[in-house]
$ cat coords.txt   # compact mmCIF, C-alpha atoms
# COMPACT_ATOMS: atom_id res chain seq x y z
CA MET T 1252 18.80 -26.82 24.57
CA ASN T 1253 19.33 -29.15 27.51
CA GLY T 1254 15.92 -30.15 28.80
CA PRO T 1255 13.02 -32.55 28.23
CA GLU T 1256 12.99 -34.53 25.00
CA ILE T 1257 9.70 -34.63 23.12
CA HIS T 1258 8.58 -36.09 19.81
CA VAL T 1259 6.93 -33.79 17.27
CA GLU T 1260 5.02 -34.68 14.12
CA PHE T 1261 3.74 -32.07 11.66
CA ALA T 1262 0.75 -32.22 9.33
CA PRO T 1263 1.87 -32.82 5.71
CA SER T 1264 0.73 -29.35 4.63
CA LEU T 1265 3.19 -27.79 7.10
CA ALA T 1266 6.18 -29.70 5.76
CA LEU T 1267 7.51 -26.81 3.67
CA PHE T 1268 8.12 -24.78 6.83
CA VAL T 1269 10.21 -27.29 8.78
CA PRO T 1270 13.73 -28.64 8.23
CA HIS T 1271 13.89 -31.53 5.78
CA GLU T 1272 14.77 -34.08 8.44
CA ARG T 1273 11.55 -33.35 10.35
CA ARG T 1274 9.16 -33.70 7.42
CA ARG T 1275 8.37 -37.40 7.80
CA GLY T 1276 6.96 -38.94 10.95
CA ALA T 1277 7.64 -37.92 14.53
CA THR T 1278 11.13 -36.65 15.28
CA ALA T 1279 12.88 -36.16 18.61
CA LEU T 1280 13.44 -32.62 19.87
CA THR T 1281 15.14 -31.44 23.05
CA THR T 1282 13.41 -28.43 24.62
CA ASP T 1283 14.50 -26.00 27.33
CA GLY T 1284 11.75 -27.01 29.77
CA VAL T 1285 10.24 -23.51 30.03
CA SER T 1286 9.19 -22.49 26.50
CA THR T 1287 5.57 -22.93 25.50
CA LEU T 1288 4.60 -25.40 22.82
CA GLY T 1289 3.60 -22.50 20.57
CA HIS T 1290 7.11 -21.07 20.88
CA VAL T 1291 8.68 -24.47 20.22
CA VAL T 1292 6.62 -24.96 17.05
CA GLU T 1293 7.41 -21.47 15.81
CA SER T 1294 11.12 -21.93 16.52
CA LEU T 1295 11.05 -24.83 14.06
CA GLY T 1296 9.91 -22.47 11.30
CA VAL T 1297 6.14 -22.84 11.32
CA PRO T 1298 4.20 -19.53 11.58
CA LEU T 1299 1.47 -19.88 14.20
CA THR T 1300 -0.99 -18.49 11.66
CA GLU T 1301 -0.73 -21.91 9.97
CA VAL T 1302 -1.15 -24.02 13.12
CA GLY T 1303 -4.50 -25.47 14.05
CA THR T 1304 -4.96 -27.93 16.89
CA LEU T 1305 -2.01 -29.02 19.03
CA VAL T 1306 -2.42 -32.54 20.37
CA VAL T 1307 -0.22 -34.04 23.10
CA ASP T 1308 -0.58 -37.76 23.78
CA GLY T 1309 -4.07 -37.73 22.32
CA ARG T 1310 -5.41 -34.65 24.11
CA GLU T 1311 -5.77 -31.13 22.75
CA VAL T 1312 -3.64 -28.51 24.49
CA PRO T 1313 -3.33 -24.71 24.16
CA ARG T 1314 -0.30 -23.04 22.64
CA SER T 1315 0.68 -21.93 26.15
CA TYR T 1316 1.24 -25.54 27.23
CA VAL T 1317 4.83 -26.27 28.34
CA PRO T 1318 5.85 -29.69 26.99
CA ALA T 1319 7.18 -32.31 29.37
CA ALA T 1320 9.67 -35.12 28.82
CA GLY T 1321 8.30 -37.89 26.65
CA ASP T 1322 5.40 -35.88 25.22
CA SER T 1323 4.24 -36.96 21.78
CA VAL T 1324 3.09 -33.83 19.93
CA SER T 1325 0.97 -33.67 16.80
CA VAL T 1326 0.89 -30.28 15.07
CA ARG T 1327 -2.17 -30.04 12.85
CA ASP T 1328 -2.98 -27.45 10.23
CA VAL T 1329 -5.86 -24.98 10.42
CA ASP T 1330 -9.42 -26.14 9.95
CA ARG T 1331 -11.16 -25.16 6.74
CA PRO T 1332 -13.14 -23.05 6.46
CA GLN T 1333 -11.21 -21.00 8.99
CA ARG T 1334 -13.29 -18.66 11.12
CA VAL T 1335 -11.93 -15.29 12.20
CA PRO T 1336 -13.92 -14.22 15.26
CA GLY T 1337 -14.75 -10.73 16.36
CA ALA T 1338 -14.73 -8.76 13.10
CA PRO T 1339 -16.13 -8.77 9.58
CA LEU T 1340 -13.82 -10.79 7.32
CA ARG T 1341 -11.44 -8.34 5.65
CA PHE T 1342 -7.98 -8.81 4.19
CA LEU T 1343 -4.71 -6.92 3.99
CA LEU T 1344 -2.17 -7.99 1.35
CA ASP T 1345 1.50 -7.13 1.14
CA VAL T 1346 3.16 -5.50 -1.87
CA HIS T 1347 3.92 -8.81 -3.62
CA LEU T 1348 0.27 -9.90 -3.95
CA GLY T 1349 -1.18 -7.25 -6.24
CA THR T 1350 -2.86 -9.65 -8.67
CA LEU T 1351 -4.49 -11.58 -5.82
CA ALA T 1352 -5.71 -8.30 -4.33
CA ARG T 1353 -7.35 -7.24 -7.59
CA ARG T 1354 -9.05 -10.62 -8.00
CA LEU T 1355 -10.41 -10.60 -4.46
CA ARG T 1356 -11.77 -7.10 -5.06
CA LEU T 1357 -13.28 -8.28 -8.35
CA LEU T 1358 -15.24 -10.79 -6.28
CA GLY T 1359 -16.40 -8.09 -3.89
CA VAL T 1360 -14.13 -9.08 -0.99
CA ASP T 1361 -12.91 -6.19 1.20
CA THR T 1362 -9.18 -6.18 0.43
CA ALA T 1363 -6.66 -3.52 1.44
CA TYR T 1364 -3.42 -3.35 -0.56
CA GLU T 1365 -0.69 -0.79 -1.10
CA SER T 1366 1.53 -0.90 -4.19
CA THR T 1367 4.46 0.43 -2.16
CA ASP T 1368 6.26 -1.56 0.52
CA LEU T 1369 5.10 -0.19 3.88
CA GLY T 1370 7.43 -2.47 5.84
CA ASP T 1371 6.55 -5.28 8.21
CA PRO T 1372 5.95 -3.15 11.36
CA ALA T 1373 3.52 -0.84 9.54
CA LEU T 1374 1.65 -3.74 7.92
CA ALA T 1375 1.30 -5.56 11.22
CA ALA T 1376 0.05 -2.38 12.90
CA LEU T 1377 -2.47 -1.79 10.10
CA SER T 1378 -3.71 -5.37 10.38
CA ALA T 1379 -4.33 -4.80 14.10
CA ALA T 1380 -5.85 -1.34 13.74
CA GLU T 1381 -8.33 -2.36 11.02
CA ARG T 1382 -8.75 -5.98 12.15
CA ARG T 1383 -7.73 -7.39 8.80
CA VAL T 1384 -6.33 -10.83 8.03
CA MET T 1385 -2.77 -10.33 6.80
CA LEU T 1386 -2.03 -12.39 3.67
CA SER T 1387 1.62 -12.80 2.81
CA ARG T 1388 4.38 -15.16 1.71
CA ASP T 1389 6.72 -13.46 4.20
CA ARG T 1390 7.06 -15.81 7.17
CA GLY T 1391 8.76 -13.15 9.26
CA LEU T 1392 5.82 -10.80 8.83
CA LEU T 1393 3.37 -13.53 9.83
CA ARG T 1394 5.32 -14.10 13.05
CA ARG T 1395 4.84 -10.53 14.29
CA ARG T 1396 2.86 -10.53 17.53
CA GLU T 1397 0.86 -7.39 16.76
CA LEU T 1398 -0.95 -8.97 13.80
CA TRP T 1399 -4.71 -9.20 14.15
CA SER T 1400 -4.73 -12.42 12.16
CA GLY T 1401 -2.76 -13.80 9.26
CA ALA T 1402 -2.37 -16.51 6.66
CA TYR T 1403 0.47 -17.74 4.52
CA VAL T 1404 -0.11 -17.68 0.76
CA TYR T 1405 1.27 -21.02 -0.39
CA SER T 1406 1.41 -20.64 -4.17
CA THR T 1407 3.13 -18.16 -6.46
CA ARG T 1408 0.41 -18.52 -9.12
CA PRO T 1409 -2.48 -16.03 -8.78
CA GLU T 1410 -5.05 -18.64 -9.84
CA ASP T 1411 -3.95 -21.03 -7.11
CA GLN T 1412 -3.58 -18.23 -4.57
CA LEU T 1413 -7.17 -17.13 -5.11
CA ARG T 1414 -8.57 -20.63 -4.88
CA ASP T 1415 -6.61 -21.35 -1.70
CA ILE T 1416 -7.78 -18.19 0.08
CA LEU T 1417 -11.39 -18.70 -0.98
CA ASP T 1418 -11.25 -22.31 0.20
CA ARG T 1419 -9.60 -21.41 3.51
CA PHE T 1420 -11.77 -18.46 4.55
CA ARG T 1421 -14.93 -18.76 2.42
CA PRO T 1422 -15.59 -15.00 2.27
CA GLU T 1423 -18.94 -13.79 1.04
CA LEU T 1424 -18.68 -13.13 -2.68
CA LYS T 1425 -20.31 -10.04 -4.20
CA PRO T 1426 -18.78 -9.75 -7.69
CA TRP T 1427 -18.58 -6.43 -9.51
CA THR T 1428 -19.23 -4.37 -6.37
CA ARG T 1429 -15.70 -3.11 -5.57
CA CYS T 1430 -13.12 -1.03 -7.36
CA THR T 1431 -10.18 -3.26 -8.30
CA ALA T 1432 -7.88 -0.23 -8.09
CA CYS T 1433 -8.68 1.10 -4.61
CA ASN T 1434 -11.22 -1.28 -2.97
CA GLY T 1435 -13.97 1.36 -2.88
CA LEU T 1436 -17.60 0.44 -3.52
CA LEU T 1437 -19.05 0.83 -7.02
CA ARG T 1438 -22.28 2.53 -8.03
CA GLN T 1439 -24.13 2.71 -11.32
CA ALA T 1440 -23.17 5.76 -13.36
CA THR T 1441 -24.43 7.47 -16.49
CA LYS T 1442 -22.27 8.01 -19.55
CA GLU T 1443 -22.32 11.71 -18.88
CA GLU T 1444 -20.93 11.26 -15.36
CA VAL T 1445 -17.85 9.39 -16.62
CA ALA T 1446 -17.50 11.00 -20.04
CA ASP T 1447 -14.15 12.58 -19.18
CA GLN T 1448 -12.65 9.08 -18.76
CA LEU T 1449 -13.89 7.67 -22.07
CA ALA T 1450 -12.02 7.55 -25.34
CA GLY T 1451 -14.03 8.19 -28.50
CA GLY T 1452 -14.57 4.52 -29.35
CA THR T 1453 -15.61 3.63 -25.83
CA HIS T 1454 -18.00 6.58 -25.70
CA ARG T 1455 -19.69 5.38 -28.89
CA SER T 1456 -19.73 1.64 -28.10
CA TYR T 1457 -20.82 1.41 -24.46
CA ASP T 1458 -23.80 2.68 -22.52
CA VAL T 1459 -23.62 0.87 -19.14
CA PHE T 1460 -21.10 2.12 -16.61
CA ALA T 1461 -20.15 1.93 -12.96
CA GLN T 1462 -18.04 4.32 -10.95
CA CYS T 1463 -16.03 3.99 -7.75
CA THR T 1464 -17.49 6.05 -4.94
CA ASP T 1465 -13.99 6.63 -3.53
CA CYS T 1466 -11.53 7.25 -6.37
CA GLY T 1467 -14.04 8.00 -9.17
CA ARG T 1468 -12.67 5.42 -11.60
CA ALA T 1469 -15.12 4.36 -14.32
CA TYR T 1470 -15.86 0.76 -15.31
CA TRP T 1471 -17.55 -0.82 -18.33
CA LYS T 1472 -17.58 -4.20 -20.10
CA GLY T 1473 -14.48 -3.64 -22.19
CA ALA T 1474 -11.97 -5.86 -23.95
CA HIS T 1475 -10.95 -7.80 -20.84
CA HIS T 1476 -14.46 -8.44 -19.56
CA GLU T 1477 -14.64 -12.06 -20.76
CA GLN T 1478 -11.45 -12.93 -18.90
CA LEU T 1479 -12.74 -11.31 -15.73
CA GLU T 1480 -16.12 -12.97 -16.16
CA ALA T 1481 -14.41 -16.36 -16.32
CA ILE T 1482 -12.63 -15.69 -13.01
CA VAL T 1483 -15.92 -14.70 -11.39
CA GLU T 1484 -17.83 -17.68 -12.75
CA ARG T 1485 -15.21 -20.17 -11.55
CA ALA T 1486 -15.20 -18.66 -8.07
CA LEU T 1487 -18.99 -18.62 -7.81
CA ALA T 1488 -19.33 -22.18 -9.08
CA GLU T 1489 -16.98 -23.52 -6.42
CA PHE T 1490 -17.31 -21.17 -3.46
CA ALA T 1491 -20.60 -19.25 -3.54
CA GLY T 1492 -22.69 -20.01 -0.47
$ encode --input "coords.txt" --output "structure tokens"
Amino acid sequence: MNGPEIHVEFAPSLALFVPHERRRGATALTTDGVSTLGHVVESLGVPLTEVGTLVVDGREVPRSYVPAAGDSVSVRDVDRPQRVPGAPLRFLLDVHLGTLARRLRLLGVDTAYESTDLGDPALAALSAAERRVMLSRDRGLLRRRELWSGAYVYSTRPEDQLRDILDRFRPELKPWTRCTACNGLLRQATKEEVADQLAGGTHRSYDVFAQCTDCGRAYWKGAHHEQLEAIVERALAEFAG
């Protein structure tokens, strides 16, 4: 580039996206004089899904602002809780986030997920068509313009992923109301209605069941219930309300 020189400083939480030499303090950057500030920030590796307020010389500016010579730019991270206007809060997760998808569904959060890789164009189109927040660790996917909304998943550990998303978006929690397999809503069911899914020991030992209204899968308080209950209790204690 051969244009105005500006100085850019990134919020600490955005450091992982930018080159190492730009991670501490404000650094000089030569722009082309025509690109918007949003484009400049994204060209440095930061998905705009992770950018909150842009401040130039102490005043907030839109992403469409074209930086001028000598501008001092502060790139802040998103506010928490982050509000997604215009639609009920719903999520779409890529193929690598299956455990997070199941845990969000366990908490009653509307979460779409496919176990096969649909590809970035199809995921972005689905996010737009269903107005779902795209959750991914794929920075290229999060840069696609057709996304309805998106968020980078910072951790590789499901426990940390769940806590981060709940903290960032504060979705309404309705545990035990969604199918962890397909995201459908659950209803109470009799033993007779789900008998064909029960092994002999389960049929003898359990009397309370739920069933997915979409895929028909049966649920009961089986061997893993205590582990699931612990996940629910931790989420409710920290994020309910």
$ residues_around --input "coords.txt" --residues "stretch 1280-1294 of chain T" --least-positions-apart "6" --cutoff "6 Å" --atoms "only C-alpha atoms" --output "number ranges by chain"
T: 1252-1258, 1314-1317
$ residues_around --input "coords.txt" --residues "T:Leu1357" --least-positions-apart "3" --cutoff "12 Å" --atoms "all atoms listed in the file" --output "ChimeraX atom specification"
/T:1350-1354,1360-1362,1413,1424-1437,1470,1476,1478-1484,1486-1487
$ write_last_selection --input "coords.txt" --atoms "C-alpha atoms" --output "PDB file, in the coordinates of the input"
ATOM      1  CA  THR T1350      -2.860  -9.650  -8.670  1.00  0.00           C
ATOM      2  CA  LEU T1351      -4.490 -11.580  -5.820  1.00  0.00           C
ATOM      3  CA  ALA T1352      -5.710  -8.300  -4.330  1.00  0.00           C
ATOM      4  CA  ARG T1353      -7.350  -7.240  -7.590  1.00  0.00           C
ATOM      5  CA  ARG T1354      -9.050 -10.620  -8.000  1.00  0.00           C
ATOM      6  CA  VAL T1360     -14.130  -9.080  -0.990  1.00  0.00           C
ATOM      7  CA  ASP T1361     -12.910  -6.190   1.200  1.00  0.00           C
ATOM      8  CA  THR T1362      -9.180  -6.180   0.430  1.00  0.00           C
ATOM      9  CA  LEU T1413      -7.170 -17.130  -5.110  1.00  0.00           C
ATOM     10  CA  LEU T1424     -18.680 -13.130  -2.680  1.00  0.00           C
ATOM     11  CA  LYS T1425     -20.310 -10.040  -4.200  1.00  0.00           C
ATOM     12  CA  PRO T1426     -18.780  -9.750  -7.690  1.00  0.00           C
ATOM     13  CA  TRP T1427     -18.580  -6.430  -9.510  1.00  0.00           C
ATOM     14  CA  THR T1428     -19.230  -4.370  -6.370  1.00  0.00           C
ATOM     15  CA  ARG T1429     -15.700  -3.110  -5.570  1.00  0.00           C
ATOM     16  CA  CYS T1430     -13.120  -1.030  -7.360  1.00  0.00           C
ATOM     17  CA  THR T1431     -10.180  -3.260  -8.300  1.00  0.00           C
ATOM     18  CA  ALA T1432      -7.880  -0.230  -8.090  1.00  0.00           C
ATOM     19  CA  CYS T1433      -8.680   1.100  -4.610  1.00  0.00           C
ATOM     20  CA  ASN T1434     -11.220  -1.280  -2.970  1.00  0.00           C
ATOM     21  CA  GLY T1435     -13.970   1.360  -2.880  1.00  0.00           C
ATOM     22  CA  LEU T1436     -17.600   0.440  -3.520  1.00  0.00           C
ATOM     23  CA  LEU T1437     -19.050   0.830  -7.020  1.00  0.00           C
ATOM     24  CA  TYR T1470     -15.860   0.760 -15.310  1.00  0.00           C
ATOM     25  CA  HIS T1476     -14.460  -8.440 -19.560  1.00  0.00           C
ATOM     26  CA  GLN T1478     -11.450 -12.930 -18.900  1.00  0.00           C
ATOM     27  CA  LEU T1479     -12.740 -11.310 -15.730  1.00  0.00           C
ATOM     28  CA  GLU T1480     -16.120 -12.970 -16.160  1.00  0.00           C
ATOM     29  CA  ALA T1481     -14.410 -16.360 -16.320  1.00  0.00           C
ATOM     30  CA  ILE T1482     -12.630 -15.690 -13.010  1.00  0.00           C
ATOM     31  CA  VAL T1483     -15.920 -14.700 -11.390  1.00  0.00           C
ATOM     32  CA  GLU T1484     -17.830 -17.680 -12.750  1.00  0.00           C
ATOM     33  CA  ALA T1486     -15.200 -18.660  -8.070  1.00  0.00           C
ATOM     34  CA  LEU T1487     -18.990 -18.620  -7.810  1.00  0.00           C
TER      35      LEU T1487
END
$ atom_distance --input "coords.txt" --atom1 "atom CA of T:Val1335" --atom2 "atom CA of T:Gln1412"
19.0 Å
$ residues_around --input "coords.txt" --residues "T:Thr1441" --least-positions-apart "6" --cutoff "8 Å" --atoms "all atoms listed in the file" --output "list in words"
Asp1458, Val1459, Phe1460 and Ala1461 of chain T
$ axis_aligned_box --input "coords.txt" --around "stretch 1343-1350 of chain T" --padding-each-side "5 Å" --output "AutoDock Vina command-line options"
--center_x -0.4 --center_y -7.7 --center_z -2.3 --size_x 18.6 --size_y 14.4 --size_z 22.7
$ closest_residue --input "coords.txt" --among "T:Gly1451, T:Pro1313, T:Pro1372, T:Gly1359" --to "T:Pro1422" --atoms "only C-alpha atoms"
T:Gly1359
$ atom_distance --input "coords.txt" --atom1 "atom CA of T:Gln1439" --atom2 "atom CA of T:Glu1381"
27.8 Å
$ atom_distance --input "coords.txt" --atom1 "atom CA of T:His1271" --atom2 "atom CA of T:Val1329"
21.3 Å
$ residues_around --input "coords.txt" --residues "T:Glu1443" --least-positions-apart "3" --cutoff "10 Å" --atoms "only C-alpha atoms" --output "ChimeraX atom specification"
/T:1440,1446-1447,1449,1454,1458,1460
$ closest_residue --input "coords.txt" --among "T:Ala1320, T:Val1269, T:Leu1343, T:Ala1402" --to "T:Glu1301" --atoms "all atoms listed in the file"
T:Ala1402
$ closest_residue --input "coords.txt" --among "T:Arg1334, T:Gly1303, T:Ala1363, T:Ser1325" --to "T:Thr1278" --atoms "all atoms listed in the file"
T:Ser1325
$ residues_around --input "coords.txt" --residues "T:Val1404" --least-positions-apart "4" --cutoff "9 Å" --atoms "all atoms listed in the file" --output "PyMOL selection string"
chain T and resi 1386-1389+1412+1415-1416
$ residues_near_point --input "coords.txt" --point "(-0.6, -28.4, 7.4)" --cutoff "6 Å" --atoms "all atoms listed in the file" --output "list in words"
Ala1262, Pro1263, Ser1264, Leu1265, Arg1327 and Asp1328 of chain T
$ closest_residue --input "coords.txt" --among "T:Ala1279, T:Phe1490, T:Gln1333, T:Gly1401" --to "T:Arg1414" --atoms "only C-alpha atoms"
T:Phe1490
$ closest_residue --input "coords.txt" --among "T:Arg1408, T:Ala1338, T:Tyr1403, T:Asp1368" --to "T:Arg1382" --atoms "all atoms listed in the file"
T:Ala1338
$ closest_residue --input "coords.txt" --among "T:Leu1344, T:Leu1358, T:Leu1305, T:Ala1319" --to "T:Val1384" --atoms "only C-alpha atoms"
T:Leu1344
$ residues_near_point --input "coords.txt" --point "(2.2, -1.4, -2.5)" --cutoff "9 Å" --atoms "only C-alpha atoms" --output "VMD selection string"
chain T and resid 1344 to 1349 1364 to 1369
